[in-house]
Amino acid sequence: MEFSKEEIHYIGMNFIGEKLQKMGYEFLGVNSKLKKHPQFVIFKKGEPITFVMVKTVSFPKDFQAVPEVSKKVIAHAKKQDSSVWFAGVGVNDAEDNTKPPMKGRPYQILFTDFKILHTHENN
């Protein structure tokens with residue numbers, strides 16, 4: 001049985017949330033609803049507030065494709081003197097990355113790095 005879109009989204013959210021914590025960021029806000037952006041509002045002492053957009057998909061969708069809604073998030077960030085990062089996450093079957101993940105089977109998470117879509121200096 002395949003994971004639902006929401007379950008795939010939560011896998012990516014948990015992965016990115018843990019990554020951000022390990023990077024030393026604190027959370028001002030978390031929005032885990034599917035298709036609501038940004039998912040994370042983060043900060044670290046001495047740095048501007050950053051909005052993090054997370055998109056999690058499974059094969060054959062491109063996990064690195066930035067969603068169109070990023071334009072609205074960037075416009076909002078400019079008003080807030082904030083930065084915007086994009087985190088594209090892919091979740092596939094661990095043995096065959098051309099197949100979607102299935103419940104009860106091992107899966108792999110594909111993540112290249114955060115894409116910086118806007119920095120507060122670019123306002």
# chains A, B, ... in the order shown; residues from 1 in each chain; ligands from 1
>>> residues_around(residues="segment 35-51 of chain A", least_positions_apart="2", cutoff="12 Å", atoms="only C-alpha atoms", output="PyMOL selection string")
chain A and resi 5-6+9-10+12-14+16-33+53-57+67-87+114-121
>>> select_by_dssp(residues="segment 56-121 of chain A", states="strand (DSSP E or B)", output="PyMOL selection string")
chain A and resi 56-57+83-93+102+107-110+115-118
>>> write_last_selection(atoms="C-alpha atoms", output="CSV table (one decimal), in the first residue's frame")
chain,number,residue,atom,x,y,z
A,56,THR,CA,8.0,16.4,-0.6
A,57,VAL,CA,7.2,14.2,-3.5
A,83,SER,CA,15.0,35.2,3.8
A,84,VAL,CA,13.4,32.3,2.0
A,85,TRP,CA,14.8,28.8,1.6
A,86,PHE,CA,13.4,25.9,-0.4
A,87,ALA,CA,13.7,22.3,0.7
A,88,GLY,CA,12.8,19.8,-2.0
A,89,VAL,CA,12.6,16.3,-0.6
A,90,GLY,CA,12.1,13.1,-2.6
A,91,VAL,CA,10.9,9.9,-1.0
A,92,ASN,CA,11.3,6.6,-3.0
A,93,ASP,CA,11.5,2.9,-2.5
A,102,MET,CA,5.3,1.6,0.1
A,107,TYR,CA,12.4,3.9,1.8
A,108,GLN,CA,15.1,6.5,1.0
A,109,ILE,CA,15.0,10.2,1.4
A,110,LEU,CA,16.6,12.3,-1.3
A,115,LYS,CA,18.0,26.4,-2.2
A,116,ILE,CA,18.2,30.1,-1.2
A,117,LEU,CA,15.4,31.8,-3.0
A,118,HIS,CA,15.7,35.2,-1.3
>>> atom_distance(atom1="atom CA of Glu7 of chain A", atom2="atom CA of Thr112 of chain A")
20.8 Å
>>> closest_atom_pairs(of="segment 56-79 of chain A", to="segment 97-100 of chain A", cutoff="9 Å", atoms="only C-alpha atoms", output="tab-separated table")
residue	atom	partner	partner_atom	distance
A:Ser58	CA	A:Pro100	CA	5.5
A:Phe59	CA	A:Pro100	CA	5.5
A:Pro60	CA	A:Thr98	CA	6.9
>>> closest_residue(among="A:Phe3, A:Asp62, A:Leu34, A:Val52", to="Lys103 of chain A", atoms="only C-alpha atoms")
A:Phe3
>>> atom_distance(atom1="atom CA of Met1 of chain A", atom2="atom CA of Arg105 of chain A")
9.6 Å
>>> select_by_dssp(residues="segment 7-63 of chain A", states="alpha helix (DSSP H)", output="number ranges by chain")
A: 7-22
>>> write_last_selection(atoms="N, CA and C atoms", output="tab-separated table (two decimals), in the first residue's frame")
chain	number	residue	atom	x	y	z
A	7	GLU	N	1.03	11.69	4.25
A	7	GLU	CA	2.09	10.93	4.91
A	7	GLU	C	3.46	11.22	4.29
A	8	ILE	N	3.50	11.33	2.97
A	8	ILE	CA	4.75	11.69	2.28
A	8	ILE	C	5.21	13.08	2.75
A	9	HIS	N	4.26	14.01	2.84
A	9	HIS	CA	4.56	15.37	3.30
A	9	HIS	C	5.15	15.35	4.71
A	10	TYR	N	4.56	14.57	5.61
A	10	TYR	CA	5.05	14.51	6.99
A	10	TYR	C	6.44	13.89	7.08
A	11	ILE	N	6.75	12.93	6.21
A	11	ILE	CA	8.10	12.36	6.18
A	11	ILE	C	9.10	13.46	5.87
A	12	GLY	N	8.81	14.26	4.85
A	12	GLY	CA	9.70	15.37	4.48
A	12	GLY	C	9.78	16.44	5.56
A	13	MET	N	8.64	16.77	6.16
A	13	MET	CA	8.62	17.78	7.23
A	13	MET	C	9.49	17.34	8.41
A	14	ASN	N	9.36	16.09	8.82
A	14	ASN	CA	10.16	15.59	9.94
A	14	ASN	C	11.64	15.61	9.60
A	15	PHE	N	11.98	15.19	8.39
A	15	PHE	CA	13.37	15.17	7.96
A	15	PHE	C	13.97	16.59	7.98
A	16	ILE	N	13.27	17.54	7.40
A	16	ILE	CA	13.77	18.92	7.33
A	16	ILE	C	13.79	19.56	8.72
A	17	GLY	N	12.76	19.32	9.53
A	17	GLY	CA	12.73	19.85	10.89
A	17	GLY	C	13.93	19.39	11.70
A	18	GLU	N	14.27	18.12	11.60
A	18	GLU	CA	15.44	17.59	12.32
A	18	GLU	C	16.72	18.21	11.79
A	19	LYS	N	16.81	18.37	10.48
A	19	LYS	CA	17.99	18.97	9.87
A	19	LYS	C	18.18	20.41	10.36
A	20	LEU	N	17.10	21.18	10.38
A	20	LEU	CA	17.18	22.57	10.85
A	20	LEU	C	17.61	22.65	12.31
A	21	GLN	N	17.09	21.76	13.13
A	21	GLN	CA	17.48	21.74	14.54
A	21	GLN	C	18.97	21.44	14.69
A	22	LYS	N	19.47	20.46	13.92
A	22	LYS	CA	20.89	20.11	13.97
A	22	LYS	C	21.76	21.27	13.51
>>> decode(residues="segment 35-82 of chain A", atoms="N, CA and C atoms", output="PDB file, in the first residue's frame")
ATOM      1  N   LYS A  35       0.429  21.794   1.332  1.00  0.00           N
ATOM      2  CA  LYS A  35       0.305  22.915   0.388  1.00  0.00           C
ATOM      3  C   LYS A  35       0.151  24.282   1.056  1.00  0.00           C
ATOM      4  N   LYS A  36       0.538  24.412   2.324  1.00  0.00           N
ATOM      5  CA  LYS A  36       0.555  25.705   3.008  1.00  0.00           C
ATOM      6  C   LYS A  36       2.009  26.122   3.169  1.00  0.00           C
ATOM      7  N   HIS A  37       2.323  27.329   2.734  1.00  0.00           N
ATOM      8  CA  HIS A  37       3.714  27.783   2.757  1.00  0.00           C
ATOM      9  C   HIS A  37       3.831  29.100   3.493  1.00  0.00           C
ATOM     10  N   PRO A  38       4.925  29.343   4.194  1.00  0.00           N
ATOM     11  CA  PRO A  38       6.036  28.432   4.432  1.00  0.00           C
ATOM     12  C   PRO A  38       5.690  27.433   5.529  1.00  0.00           C
ATOM     13  N   GLN A  39       6.415  26.320   5.562  1.00  0.00           N
ATOM     14  CA  GLN A  39       6.174  25.317   6.605  1.00  0.00           C
ATOM     15  C   GLN A  39       6.905  25.665   7.899  1.00  0.00           C
ATOM     16  N   PHE A  40       8.084  26.261   7.774  1.00  0.00           N
ATOM     17  CA  PHE A  40       8.860  26.624   8.959  1.00  0.00           C
ATOM     18  C   PHE A  40       9.215  28.112   8.909  1.00  0.00           C
ATOM     19  N   VAL A  41       9.145  28.750  10.070  1.00  0.00           N
ATOM     20  CA  VAL A  41       9.697  30.083  10.264  1.00  0.00           C
ATOM     21  C   VAL A  41      10.759  29.895  11.339  1.00  0.00           C
ATOM     22  N   ILE A  42      12.015  30.147  10.954  1.00  0.00           N
ATOM     23  CA  ILE A  42      13.137  29.813  11.838  1.00  0.00           C
ATOM     24  C   ILE A  42      14.008  31.038  12.108  1.00  0.00           C
ATOM     25  N   PHE A  43      14.816  30.914  13.153  1.00  0.00           N
ATOM     26  CA  PHE A  43      15.804  31.950  13.430  1.00  0.00           C
ATOM     27  C   PHE A  43      16.965  31.361  14.200  1.00  0.00           C
ATOM     28  N   LYS A  44      18.062  32.090  14.123  1.00  0.00           N
ATOM     29  CA  LYS A  44      19.267  31.781  14.886  1.00  0.00           C
ATOM     30  C   LYS A  44      19.814  33.133  15.312  1.00  0.00           C
ATOM     31  N   LYS A  45      20.329  33.226  16.519  1.00  0.00           N
ATOM     32  CA  LYS A  45      20.834  34.497  17.027  1.00  0.00           C
ATOM     33  C   LYS A  45      21.824  35.108  16.043  1.00  0.00           C
ATOM     34  N   GLY A  46      21.606  36.376  15.728  1.00  0.00           N
ATOM     35  CA  GLY A  46      22.486  37.094  14.828  1.00  0.00           C
ATOM     36  C   GLY A  46      22.130  36.952  13.360  1.00  0.00           C
ATOM     37  N   GLU A  47      21.085  36.195  13.055  1.00  0.00           N
ATOM     38  CA  GLU A  47      20.656  36.004  11.666  1.00  0.00           C
ATOM     39  C   GLU A  47      19.220  36.473  11.497  1.00  0.00           C
ATOM     40  N   PRO A  48      18.837  36.797  10.270  1.00  0.00           N
ATOM     41  CA  PRO A  48      17.445  37.215  10.046  1.00  0.00           C
ATOM     42  C   PRO A  48      16.494  36.025  10.150  1.00  0.00           C
ATOM     43  N   ILE A  49      15.237  36.345  10.311  1.00  0.00           N
ATOM     44  CA  ILE A  49      14.216  35.298  10.276  1.00  0.00           C
ATOM     45  C   ILE A  49      14.197  34.714   8.867  1.00  0.00           C
ATOM     46  N   THR A  50      14.011  33.410   8.786  1.00  0.00           N
ATOM     47  CA  THR A  50      13.988  32.722   7.499  1.00  0.00           C
ATOM     48  C   THR A  50      12.716  31.900   7.378  1.00  0.00           C
ATOM     49  N   PHE A  51      12.075  32.015   6.214  1.00  0.00           N
ATOM     50  CA  PHE A  51      10.919  31.181   5.881  1.00  0.00           C
ATOM     51  C   PHE A  51      11.443  29.980   5.094  1.00  0.00           C
ATOM     52  N   VAL A  52      11.031  28.786   5.488  1.00  0.00           N
ATOM     53  CA  VAL A  52      11.471  27.572   4.796  1.00  0.00           C
ATOM     54  C   VAL A  52      10.258  26.890   4.177  1.00  0.00           C
ATOM     55  N   MET A  53      10.309  26.765   2.861  1.00  0.00           N
ATOM     56  CA  MET A  53       9.262  26.070   2.117  1.00  0.00           C
ATOM     57  C   MET A  53       9.716  24.621   1.923  1.00  0.00           C
ATOM     58  N   VAL A  54       8.829  23.672   2.210  1.00  0.00           N
ATOM     59  CA  VAL A  54       9.147  22.256   2.053  1.00  0.00           C
ATOM     60  C   VAL A  54       8.166  21.644   1.064  1.00  0.00           C
ATOM     61  N   LYS A  55       8.730  20.961   0.073  1.00  0.00           N
ATOM     62  CA  LYS A  55       7.896  20.203  -0.868  1.00  0.00           C
ATOM     63  C   LYS A  55       8.442  18.784  -0.890  1.00  0.00           C
ATOM     64  N   THR A  56       7.588  17.820  -0.576  1.00  0.00           N
ATOM     65  CA  THR A  56       8.001  16.424  -0.561  1.00  0.00           C
ATOM     66  C   THR A  56       7.174  15.657  -1.586  1.00  0.00           C
ATOM     67  N   VAL A  57       7.859  14.946  -2.467  1.00  0.00           N
ATOM     68  CA  VAL A  57       7.193  14.170  -3.510  1.00  0.00           C
ATOM     69  C   VAL A  57       7.886  12.818  -3.651  1.00  0.00           C
ATOM     70  N   SER A  58       7.222  11.903  -4.346  1.00  0.00           N
ATOM     71  CA  SER A  58       7.847  10.624  -4.660  1.00  0.00           C
ATOM     72  C   SER A  58       7.977  10.479  -6.169  1.00  0.00           C
ATOM     73  N   PHE A  59       8.781   9.542  -6.588  1.00  0.00           N
ATOM     74  CA  PHE A  59       9.027   9.303  -8.006  1.00  0.00           C
ATOM     75  C   PHE A  59       7.704   9.126  -8.726  1.00  0.00           C
ATOM     76  N   PRO A  60       7.503   9.683  -9.899  1.00  0.00           N
ATOM     77  CA  PRO A  60       8.485  10.288 -10.808  1.00  0.00           C
ATOM     78  C   PRO A  60       8.563  11.814 -10.719  1.00  0.00           C
ATOM     79  N   LYS A  61       7.934  12.415  -9.732  1.00  0.00           N
ATOM     80  CA  LYS A  61       7.936  13.876  -9.618  1.00  0.00           C
ATOM     81  C   LYS A  61       9.323  14.384  -9.240  1.00  0.00           C
ATOM     82  N   ASP A  62       9.652  15.593  -9.707  1.00  0.00           N
ATOM     83  CA  ASP A  62      10.941  16.216  -9.466  1.00  0.00           C
ATOM     84  C   ASP A  62      10.921  16.925  -8.113  1.00  0.00           C
ATOM     85  N   PHE A  63      11.676  16.395  -7.161  1.00  0.00           N
ATOM     86  CA  PHE A  63      11.667  16.969  -5.814  1.00  0.00           C
ATOM     87  C   PHE A  63      12.402  18.304  -5.743  1.00  0.00           C
ATOM     88  N   GLN A  64      13.193  18.641  -6.762  1.00  0.00           N
ATOM     89  CA  GLN A  64      13.952  19.890  -6.728  1.00  0.00           C
ATOM     90  C   GLN A  64      13.240  21.045  -7.427  1.00  0.00           C
ATOM     91  N   ALA A  65      12.086  20.793  -8.021  1.00  0.00           N
ATOM     92  CA  ALA A  65      11.346  21.846  -8.721  1.00  0.00           C
ATOM     93  C   ALA A  65      10.678  22.779  -7.710  1.00  0.00           C
ATOM     94  N   VAL A  66      11.024  24.045  -7.784  1.00  0.00           N
ATOM     95  CA  VAL A  66      10.481  25.043  -6.858  1.00  0.00           C
ATOM     96  C   VAL A  66       9.026  25.341  -7.245  1.00  0.00           C
ATOM     97  N   PRO A  67       8.101  25.284  -6.277  1.00  0.00           N
ATOM     98  CA  PRO A  67       6.697  25.544  -6.606  1.00  0.00           C
ATOM     99  C   PRO A  67       6.433  27.018  -6.942  1.00  0.00           C
ATOM    100  N   GLU A  68       5.421  27.242  -7.731  1.00  0.00           N
ATOM    101  CA  GLU A  68       5.036  28.586  -8.188  1.00  0.00           C
ATOM    102  C   GLU A  68       4.717  29.518  -7.008  1.00  0.00           C
ATOM    103  N   VAL A  69       4.183  28.959  -5.932  1.00  0.00           N
ATOM    104  CA  VAL A  69       3.790  29.766  -4.772  1.00  0.00           C
ATOM    105  C   VAL A  69       4.991  30.461  -4.125  1.00  0.00           C
ATOM    106  N   SER A  70       6.196  30.073  -4.495  1.00  0.00           N
ATOM    107  CA  SER A  70       7.380  30.702  -3.900  1.00  0.00           C
ATOM    108  C   SER A  70       7.400  32.212  -4.156  1.00  0.00           C
ATOM    109  N   LYS A  71       6.819  32.653  -5.265  1.00  0.00           N
ATOM    110  CA  LYS A  71       6.777  34.092  -5.562  1.00  0.00           C
ATOM    111  C   LYS A  71       6.016  34.852  -4.481  1.00  0.00           C
ATOM    112  N   LYS A  72       4.917  34.285  -4.005  1.00  0.00           N
ATOM    113  CA  LYS A  72       4.136  34.927  -2.937  1.00  0.00           C
ATOM    114  C   LYS A  72       4.907  34.927  -1.624  1.00  0.00           C
ATOM    115  N   VAL A  73       5.587  33.822  -1.341  1.00  0.00           N
ATOM    116  CA  VAL A  73       6.356  33.737  -0.100  1.00  0.00           C
ATOM    117  C   VAL A  73       7.503  34.739  -0.126  1.00  0.00           C
ATOM    118  N   ILE A  74       8.164  34.884  -1.268  1.00  0.00           N
ATOM    119  CA  ILE A  74       9.259  35.847  -1.397  1.00  0.00           C
ATOM    120  C   ILE A  74       8.733  37.278  -1.226  1.00  0.00           C
ATOM    121  N   ALA A  75       7.594  37.575  -1.822  1.00  0.00           N
ATOM    122  CA  ALA A  75       7.006  38.915  -1.675  1.00  0.00           C
ATOM    123  C   ALA A  75       6.715  39.212  -0.208  1.00  0.00           C
ATOM    124  N   HIS A  76       6.203  38.234   0.519  1.00  0.00           N
ATOM    125  CA  HIS A  76       5.927  38.398   1.949  1.00  0.00           C
ATOM    126  C   HIS A  76       7.245  38.577   2.720  1.00  0.00           C
ATOM    127  N   ALA A  77       8.251  37.805   2.366  1.00  0.00           N
ATOM    128  CA  ALA A  77       9.547  37.887   3.053  1.00  0.00           C
ATOM    129  C   ALA A  77      10.181  39.262   2.875  1.00  0.00           C
ATOM    130  N   LYS A  78      10.026  39.852   1.694  1.00  0.00           N
ATOM    131  CA  LYS A  78      10.579  41.186   1.452  1.00  0.00           C
ATOM    132  C   LYS A  78       9.972  42.199   2.409  1.00  0.00           C
ATOM    133  N   LYS A  79       8.681  42.090   2.664  1.00  0.00           N
ATOM    134  CA  LYS A  79       8.007  43.007   3.594  1.00  0.00           C
ATOM    135  C   LYS A  79       8.490  42.795   5.025  1.00  0.00           C
ATOM    136  N   GLN A  80       8.907  41.574   5.334  1.00  0.00           N
ATOM    137  CA  GLN A  80       9.343  41.229   6.689  1.00  0.00           C
ATOM    138  C   GLN A  80      10.862  41.321   6.870  1.00  0.00           C
ATOM    139  N   ASP A  81      11.584  41.714   5.811  1.00  0.00           N
ATOM    140  CA  ASP A  81      13.047  41.739   5.823  1.00  0.00           C
ATOM    141  C   ASP A  81      13.595  40.366   6.224  1.00  0.00           C
ATOM    142  N   SER A  82      13.048  39.337   5.581  1.00  0.00           N
ATOM    143  CA  SER A  82      13.403  37.958   5.893  1.00  0.00           C
ATOM    144  C   SER A  82      13.960  37.241   4.666  1.00  0.00           C
TER     145      SER A  82
END
